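Colleague: As input, take structure_1.csv (CSV, C-alpha atoms and all ligand atoms):
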```csv
chain,number,residue,atom,x,y,z
D,1,MET,CA,18.1,-21.4,3.8
D,2,ALA,CA,20.3,-20.8,6.8
D,3,TRP,CA,20.7,-17.1,6.1
D,4,SER,CA,17.0,-16.3,6.1
D,5,GLN,CA,16.5,-18.5,9.1
D,6,ASN,CA,19.1,-16.5,11.0
D,7,ARG,CA,17.5,-13.3,10.1
D,8,ILE,CA,14.1,-14.5,11.4
D,9,ILE,CA,15.7,-15.6,14.7
D,10,THR,CA,17.5,-12.3,15.0
D,11,ILE,CA,14.4,-10.3,14.3
D,12,VAL,CA,12.3,-12.1,16.9
D,13,PHE,CA,15.1,-11.9,19.4
D,14,ILE,CA,15.8,-8.3,19.0
D,15,SER,CA,12.3,-7.1,18.8
D,16,THR,CA,11.9,-7.0,22.6
D,17,LEU,CA,13.8,-3.7,22.6
D,18,PHE,CA,13.7,-1.6,19.5
D,19,SER,CA,15.9,1.3,20.2
D,20,ALA,CA,16.6,3.6,23.0
D,21,ILE,CA,17.2,7.2,23.7
D,22,PHE,CA,19.9,7.9,26.1
D,23,ILE,CA,20.8,11.0,28.1
D,24,ALA,CA,23.7,9.9,30.2
D,25,PRO,CA,25.3,12.2,32.8
D,26,VAL,CA,27.9,9.5,33.5
D,27,THR,CA,29.3,9.4,30.0
D,28,GLU,CA,28.8,13.2,29.6
D,29,ALA,CA,31.0,13.7,32.6
D,30,ARG,CA,33.7,11.5,31.1
D,31,ALA,CA,33.4,13.4,27.8
D,32,ASP,CA,34.1,16.7,29.6
D,33,THR,CA,37.6,15.6,30.4
D,34,VAL,CA,38.5,15.3,26.8
D,35,ALA,CA,39.7,18.1,24.6
D,36,THR,CA,37.4,17.4,21.6
D,37,PRO,CA,34.1,16.5,23.1
D,38,GLY,CA,32.4,16.5,19.7
D,39,ARG,CA,34.3,13.5,18.8
D,40,VAL,CA,34.3,11.6,22.0
D,41,GLY,CA,33.1,8.1,21.6
D,42,VAL,CA,33.2,8.3,17.9
D,43,GLY,CA,36.8,8.0,17.0
D,44,SER,CA,37.8,6.1,13.9
D,45,ALA,CA,34.3,4.5,13.6
D,46,ALA,CA,33.0,7.8,12.2
D,47,MET,CA,35.2,7.3,9.2
D,48,LYS,CA,33.3,4.2,8.4
D,49,THR,CA,30.0,5.8,8.3
D,50,ASP,CA,28.7,6.4,4.9
D,51,VAL,CA,28.5,10.0,4.0
D,52,TRP,CA,25.0,9.8,2.5
D,53,ILE,CA,23.6,8.1,5.6
D,54,SER,CA,25.0,10.8,7.7
D,55,ALA,CA,23.6,13.4,5.4
D,56,GLU,CA,20.2,11.8,5.5
D,57,ALA,CA,20.3,11.8,9.3
D,58,ASP,CA,21.1,15.5,9.2
D,59,ARG,CA,18.3,16.2,6.9
D,60,LEU,CA,15.8,14.2,8.9
D,61,SER,CA,16.8,15.7,12.2
D,62,GLY,CA,17.5,19.2,11.1
D,63,ARG,CA,20.8,19.1,12.9
D,64,LYS,CA,24.4,18.5,12.1
D,65,LEU,CA,24.9,15.1,13.7
D,66,ASN,CA,27.8,12.9,14.6
D,67,LEU,CA,26.5,9.6,13.2
D,68,VAL,CA,28.3,6.4,13.8
D,69,CYS,CA,27.6,3.1,12.1
D,70,ALA,CA,29.0,0.3,14.2
D,71,ALA,CA,31.2,-1.7,11.9
D,72,SER,CA,30.8,-5.0,13.7
D,73,ALA,CA,28.7,-6.8,16.3
D,74,GLN,CA,31.6,-6.6,18.7
D,75,GLU,CA,32.0,-2.8,18.1
D,76,TRP,CA,28.3,-2.4,18.6
D,77,ALA,CA,28.4,-4.3,21.9
D,78,GLU,CA,31.3,-2.2,23.1
D,79,ARG,CA,29.4,1.0,22.2
D,80,LEU,CA,26.4,-0.1,24.1
D,81,THR,CA,28.5,-1.0,27.1
D,82,GLU,CA,30.2,2.3,27.1
D,83,VAL,CA,26.9,4.1,27.5
D,84,GLY,CA,25.5,1.7,30.1
D,85,PHE,CA,23.1,-0.4,28.1
D,86,ARG,CA,22.6,-3.9,29.5
D,87,GLY,CA,21.6,-7.0,27.8
D,88,ALA,CA,22.4,-8.5,24.4
D,89,ALA,CA,23.7,-6.0,21.8
D,90,GLY,CA,21.4,-7.6,19.3
D,91,GLU,CA,18.4,-6.2,21.2
D,92,TYR,CA,19.3,-2.7,20.2
D,93,TYR,CA,19.1,-1.1,16.8
D,94,GLY,CA,20.2,2.3,17.6
D,95,PHE,CA,20.4,5.0,20.3
D,96,SER,CA,20.9,8.7,20.4
D,97,LEU,CA,22.9,10.9,22.7
D,98,VAL,CA,20.7,13.9,22.4
D,99,HIS,CA,22.8,16.3,24.3
D,100,ARG,CA,25.7,15.6,21.9
D,101,ASP,CA,23.8,15.4,18.7
D,102,GLU,CA,25.1,11.9,18.3
D,103,MET,CA,23.3,9.0,16.7
D,104,HIS,CA,24.6,5.4,16.8
D,105,LEU,CA,23.2,2.7,14.6
D,106,SER,CA,23.7,-1.0,14.7
D,107,PRO,CA,25.4,-3.0,12.0
D,108,TYR,CA,22.1,-4.5,11.0
D,109,VAL,CA,20.6,-1.0,10.4
D,110,CYS,CA,23.5,0.4,8.5
D,111,GLU,CA,23.6,-2.7,6.3
D,112,GLY,CA,19.9,-2.4,5.7
D,113,LEU,CA,20.3,1.2,4.6
D,114,ARG,CA,23.1,0.2,2.2
D,115,PHE,CA,21.0,-2.6,0.8
D,116,GLY,CA,18.4,-0.2,-0.1
D,117,THR,CA,20.5,1.6,-2.7
D,118,SER,CA,20.7,-1.3,-5.1
D,119,ALA,CA,17.3,-2.4,-6.6
D,120,PRO,CA,18.1,-6.1,-6.9
D,121,VAL,CA,19.6,-6.2,-3.4
D,122,ARG,CA,16.7,-4.2,-2.0
D,123,ARG,CA,14.3,-6.6,-3.6
D,124,SER,CA,15.7,-9.5,-1.6
D,125,HIS,CA,16.1,-7.6,1.6
D,126,GLU,CA,12.9,-5.6,1.7
D,127,PHE,CA,12.2,-6.3,5.4
D,128,GLN,CA,15.7,-5.2,6.6
D,129,VAL,CA,15.7,-2.1,4.3
D,130,ALA,CA,12.3,-1.0,5.5
D,131,TRP,CA,13.0,-1.5,9.1
D,132,SER,CA,16.5,0.1,8.9
D,133,MET,CA,15.0,3.2,7.4
D,134,ASN,CA,12.4,3.2,10.1
D,135,VAL,CA,15.1,3.2,12.7
D,136,LEU,CA,17.0,6.0,11.1
D,137,ILE,CA,13.9,8.2,11.1
D,138,HIS,CA,13.0,7.1,14.6
D,139,GLU,CA,16.3,8.2,16.0
D,140,SER,CA,16.2,11.4,13.9
D,141,VAL,CA,12.9,12.3,15.5
D,142,HIS,CA,14.5,12.0,19.0
D,143,LEU,CA,17.2,14.3,17.9
D,144,ALA,CA,15.0,16.8,16.1
D,145,ARG,CA,12.5,17.0,18.9
D,146,ARG,CA,15.0,16.7,21.8
D,147,SER,CA,12.5,14.1,23.1
D,148,ALA,CA,12.7,10.7,24.6
D,149,ASP,CA,9.1,10.0,23.8
D,150,GLU,CA,9.2,6.6,22.0
D,151,LYS,CA,5.6,6.7,21.0
D,152,LEU,CA,6.2,10.0,19.2
D,153,ALA,CA,9.4,8.9,17.6
D,154,GLU,CA,7.8,5.7,16.3
D,155,ALA,CA,4.6,7.4,15.1
D,156,CYS,CA,6.6,9.9,13.2
D,157,ALA,CA,8.8,7.2,11.7
D,158,ARG,CA,5.7,5.4,10.5
D,159,THR,CA,4.5,8.6,8.9
D,160,ALA,CA,7.7,9.5,7.2
D,161,LEU,CA,8.8,6.1,6.1
D,162,PRO,CA,7.1,6.0,2.6
D,163,GLY,CA,8.5,9.5,1.8
D,164,ALA,CA,12.0,8.5,2.8
D,165,LEU,CA,11.9,5.2,0.8
D,166,HIS,CA,10.7,7.1,-2.2
D,167,ARG,CA,13.2,9.9,-1.9
D,168,LEU,CA,16.3,7.8,-1.2
D,169,TYR,CA,15.6,4.6,-3.1
D,170,ARG,CA,13.1,5.8,-5.7
D,171,VAL,CA,10.5,3.2,-4.5
D,172,GLU,CA,7.3,4.3,-6.2
D,173,TYR,CA,4.5,5.2,-3.8
D,174,ASN,CA,2.0,3.1,-5.7
D,175,SER,CA,4.1,0.0,-6.0
D,176,ALA,CA,3.9,-3.5,-4.7
D,177,GLN,CA,7.3,-3.0,-3.2
D,178,MET,CA,6.3,0.1,-1.2
D,179,ARG,CA,3.3,-1.8,0.1
D,180,ARG,CA,5.4,-4.8,1.2
D,181,MET,CA,7.9,-2.5,2.9
D,182,ILE,CA,5.3,-0.6,4.8
D,183,SER,CA,3.6,-3.9,5.7
D,184,ALA,CA,6.9,-5.3,7.0
D,185,SER,CA,7.5,-2.3,9.2
D,186,ALA,CA,4.0,-2.4,10.5
D,187,TRP,CA,4.5,-6.1,11.4
D,188,PHE,CA,7.7,-5.3,13.2
D,189,ARG,CA,6.1,-2.4,15.0
D,190,ARG,CA,3.5,-4.7,16.5
D,191,THR,CA,6.2,-6.8,18.2
D,192,MET,CA,7.5,-3.8,20.1
D,193,PRO,CA,6.8,-3.0,23.7
D,194,PRO,CA,3.8,-0.8,24.6
D,195,ALA,CA,6.1,2.2,25.2
D,196,TYR,CA,6.6,2.4,21.4
D,197,ARG,CA,3.1,1.9,20.2
D,198,GLY,CA,-0.1,3.9,19.9
D,199,GLY,CA,1.5,7.4,19.5
D,200,THR,CA,0.6,10.1,17.1
D,201,CYS,CA,3.0,12.3,15.2
D,202,SER,CA,2.2,15.7,16.4
D,203,ALA,CA,3.5,19.1,15.2
D,204,PRO,CA,5.9,20.3,14.0
D,205,GLY,CA,4.4,19.5,10.7
D,206,ALA,CA,7.5,18.5,8.8
D,207,TRP,CA,6.9,15.0,10.0
D,208,ASN,CA,3.4,15.0,8.7
D,209,SER,CA,4.4,15.5,5.1
D,210,ALA,CA,6.0,12.7,3.2
D,301,ZN,ZN,13.6,5.6,20.5
```
If you took the structure in this file and wrote it as structure tokens, what would it be?
Ligand SMILES: [Zn+2]
Modeller:
Amino acid sequence: MAWSQNRIITIVFISTLFSAIFIAPVTEARADTVATPGRVGVGSAAMKTDVWISAEADRLSGRKLNLVCAASAQEWAERLTEVGFRGAAGEYYGFSLVHRDEMHLSPYVCEGLRFGTSAPVRRSHEFQVAWSMNVLIHESVHLARRSADEKLAEACARTALPGALHRLYRVEYNSAQMRRMISASAWFRRTMPPAYRGGTCSAPGAWNSA
């Protein structure tokens, strides 16, 4: 069907750049001119972010974050432009402004996280749900560790993914669905650039326990 074909094209297209960590002196300087720096760049979009997604990001990162789900492809493109990312918006799933405890997620990722909450919807969108959760963990690792290390972030996402799927969506560890979702993420991971692959999730140990 057209829908699934679109998804495949999108996935192949965007897999060249998985996500990015961003520490931007330019945008930071601009933020400093505003009275409420904690909300700069977030604005009304923050109101659209599901509370439970934000709470999960806080839990995973161990910080109180400003989390923003882009509401549309256009908004996502604007957000990326604001912080200086080049290229097609669809190439990016998420980015973090570490110095501001701020996480931005693409519409695809936020949609995937929401899909996970309904068993029948999750069943028909396992790939998107699994990868979206992977992205949420990946960005949380950047924020938790204050690290731009993509290998580390991805290795820790891989390690924590089963536990997060189990805790949030009650996917049983020893289930066919869990195996399919882990497999889907592993497949996606192999399409990523070398900078994201081959890492290990080192201490602190919170990321080693599912
Ligand atoms: Zn990253």
Colleague: Measuring atom to atom with only C-alpha atoms, identify which of D:Ala88, D:Leu105, D:Ala144, D:Ala73 is nearest to Ser61 of chain D.
Modeller: D:Ala144
Colleague: Just checking: using all atoms listed in the file, which residue out of D:Val51, D:Ile137, D:Ala89, D:Val121 ends up closest to ligand ZN 301 (chain D)?
Modeller: D:Ile137
Colleague: Between D:Tyr92, D:Tyr108, D:Trp131, D:Trp187, single out the one closest to ligand ZN 301 (chain D), counting only C-alpha atoms and all ligand atoms.
Modeller: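 With only C-alpha atoms and all ligand atoms as the atom set, the closest residue is D:Tyr92.
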Colleague: Give me, as JSON lines, the closest atom pair and its distance (Å, one decimal) for every residue of chain D within a cut-off of 12 Å of ligand ZN 301 (chain D), counting only C-alpha atoms and all ligand atoms, rows sorted by chain and rising number.
Modeller:
```
{"residue": "D:Leu17", "atom": "CA", "partner": "D:ZN301", "partner_atom": "ZN", "distance": 9.5}
{"residue": "D:Phe18", "atom": "CA", "partner": "D:ZN301", "partner_atom": "ZN", "distance": 7.3}
{"residue": "D:Ser19", "atom": "CA", "partner": "D:ZN301", "partner_atom": "ZN", "distance": 4.9}
{"residue": "D:Ala20", "atom": "CA", "partner": "D:ZN301", "partner_atom": "ZN", "distance": 4.4}
{"residue": "D:Ile21", "atom": "CA", "partner": "D:ZN301", "partner_atom": "ZN", "distance": 5.1}
{"residue": "D:Phe22", "atom": "CA", "partner": "D:ZN301", "partner_atom": "ZN", "distance": 8.7}
{"residue": "D:Ile23", "atom": "CA", "partner": "D:ZN301", "partner_atom": "ZN", "distance": 11.8}
{"residue": "D:Tyr92", "atom": "CA", "partner": "D:ZN301", "partner_atom": "ZN", "distance": 10.1}
{"residue": "D:Tyr93", "atom": "CA", "partner": "D:ZN301", "partner_atom": "ZN", "distance": 9.4}
{"residue": "D:Gly94", "atom": "CA", "partner": "D:ZN301", "partner_atom": "ZN", "distance": 7.9}
{"residue": "D:Phe95", "atom": "CA", "partner": "D:ZN301", "partner_atom": "ZN", "distance": 6.8}
{"residue": "D:Ser96", "atom": "CA", "partner": "D:ZN301", "partner_atom": "ZN", "distance": 7.9}
{"residue": "D:Leu97", "atom": "CA", "partner": "D:ZN301", "partner_atom": "ZN", "distance": 10.9}
{"residue": "D:Val98", "atom": "CA", "partner": "D:ZN301", "partner_atom": "ZN", "distance": 11.1}
{"residue": "D:Met103", "atom": "CA", "partner": "D:ZN301", "partner_atom": "ZN", "distance": 11.0}
{"residue": "D:His104", "atom": "CA", "partner": "D:ZN301", "partner_atom": "ZN", "distance": 11.6}
{"residue": "D:Leu105", "atom": "CA", "partner": "D:ZN301", "partner_atom": "ZN", "distance": 11.6}
{"residue": "D:Asn134", "atom": "CA", "partner": "D:ZN301", "partner_atom": "ZN", "distance": 10.7}
{"residue": "D:Val135", "atom": "CA", "partner": "D:ZN301", "partner_atom": "ZN", "distance": 8.3}
{"residue": "D:Leu136", "atom": "CA", "partner": "D:ZN301", "partner_atom": "ZN", "distance": 10.0}
{"residue": "D:Ile137", "atom": "CA", "partner": "D:ZN301", "partner_atom": "ZN", "distance": 9.8}
{"residue": "D:His138", "atom": "CA", "partner": "D:ZN301", "partner_atom": "ZN", "distance": 6.1}
{"residue": "D:Glu139", "atom": "CA", "partner": "D:ZN301", "partner_atom": "ZN", "distance": 5.9}
{"residue": "D:Ser140", "atom": "CA", "partner": "D:ZN301", "partner_atom": "ZN", "distance": 9.2}
{"residue": "D:Val141", "atom": "CA", "partner": "D:ZN301", "partner_atom": "ZN", "distance": 8.4}
{"residue": "D:His142", "atom": "CA", "partner": "D:ZN301", "partner_atom": "ZN", "distance": 6.6}
{"residue": "D:Leu143", "atom": "CA", "partner": "D:ZN301", "partner_atom": "ZN", "distance": 9.8}
{"residue": "D:Arg145", "atom": "CA", "partner": "D:ZN301", "partner_atom": "ZN", "distance": 11.6}
{"residue": "D:Arg146", "atom": "CA", "partner": "D:ZN301", "partner_atom": "ZN", "distance": 11.3}
{"residue": "D:Ser147", "atom": "CA", "partner": "D:ZN301", "partner_atom": "ZN", "distance": 9.0}
{"residue": "D:Ala148", "atom": "CA", "partner": "D:ZN301", "partner_atom": "ZN", "distance": 6.6}
{"residue": "D:Asp149", "atom": "CA", "partner": "D:ZN301", "partner_atom": "ZN", "distance": 7.1}
{"residue": "D:Glu150", "atom": "CA", "partner": "D:ZN301", "partner_atom": "ZN", "distance": 4.8}
{"residue": "D:Lys151", "atom": "CA", "partner": "D:ZN301", "partner_atom": "ZN", "distance": 8.1}
{"residue": "D:Leu152", "atom": "CA", "partner": "D:ZN301", "partner_atom": "ZN", "distance": 8.7}
{"residue": "D:Ala153", "atom": "CA", "partner": "D:ZN301", "partner_atom": "ZN", "distance": 6.1}
{"residue": "D:Glu154", "atom": "CA", "partner": "D:ZN301", "partner_atom": "ZN", "distance": 7.2}
{"residue": "D:Ala155", "atom": "CA", "partner": "D:ZN301", "partner_atom": "ZN", "distance": 10.6}
{"residue": "D:Cys156", "atom": "CA", "partner": "D:ZN301", "partner_atom": "ZN", "distance": 11.0}
{"residue": "D:Ala157", "atom": "CA", "partner": "D:ZN301", "partner_atom": "ZN", "distance": 10.2}
{"residue": "D:Met192", "atom": "CA", "partner": "D:ZN301", "partner_atom": "ZN", "distance": 11.2}
{"residue": "D:Pro193", "atom": "CA", "partner": "D:ZN301", "partner_atom": "ZN", "distance": 11.4}
{"residue": "D:Ala195", "atom": "CA", "partner": "D:ZN301", "partner_atom": "ZN", "distance": 9.5}
{"residue": "D:Tyr196", "atom": "CA", "partner": "D:ZN301", "partner_atom": "ZN", "distance": 7.7}
{"residue": "D:Arg197", "atom": "CA", "partner": "D:ZN301", "partner_atom": "ZN", "distance": 11.1}
```
Colleague: Atom CA of Phe115 of chain D and atom CA of Glu91 of chain D, how far apart in Å?
Modeller: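 Those two atoms sit 20.9 Å apart.
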Colleague: Considering all atoms listed in the file, return as a list in words whatever protein or nucleic-acid residues lie within 9 Å of Leu65 of chain D, sequence-local ones (same chain, fewer than 5 positions apart) excluded.
Modeller: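 That gives Ser54, Ala55, Ala57, Asp58, Arg100, Asp101, Glu102, Met103 and Leu143 of chain D.
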Colleague: Using only C-alpha atoms, can you tell me which of D:His99, D:Ala184, D:Ser124, D:Val109 comes closest to Arg63 of chain D?
Modeller: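 Looking at the shortest contact to Arg63 of chain D, the residue is D:His99.
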Colleague: What is the atom CA of Gly199 of chain D to atom CA of Arg158 of chain D distance in Å?
Modeller: 10.1 Å
Colleague: Hey, could you make a per-residue contact list for segment 92-133 of chain D against segment 174-180 of chain D with 9 Å as the cut-off, showing the nearest pair of atoms and its distance in Å to one decimal, counting all atoms listed in the file, sorted by chain and number, as CSV?
Modeller:
```
residue,atom,partner,partner_atom,distance
D:Arg123,CA,D:Gln177,CA,7.9
D:Glu126,CA,D:Arg180,CA,7.6
D:Phe127,CA,D:Arg180,CA,8.1
D:Ala130,CA,D:Arg180,CA,9.0
```
Colleague: Output C-alpha atoms for every residue in the selection just made, as a tab-separated table (two decimals), in the coordinates of the input.
Modeller:
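Full text of result08.tsv as output:
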```tsv
chain	number	residue	atom	x	y	z
D	123	ARG	CA	14.30	-6.60	-3.60
D	126	GLU	CA	12.90	-5.60	1.70
D	127	PHE	CA	12.20	-6.30	5.40
D	130	ALA	CA	12.30	-1.00	5.50
```
Colleague: Interatomic distance between atom CA of Leu67 of chain D and atom CA of Ile53 of chain D?
Modeller: 8.3 Å
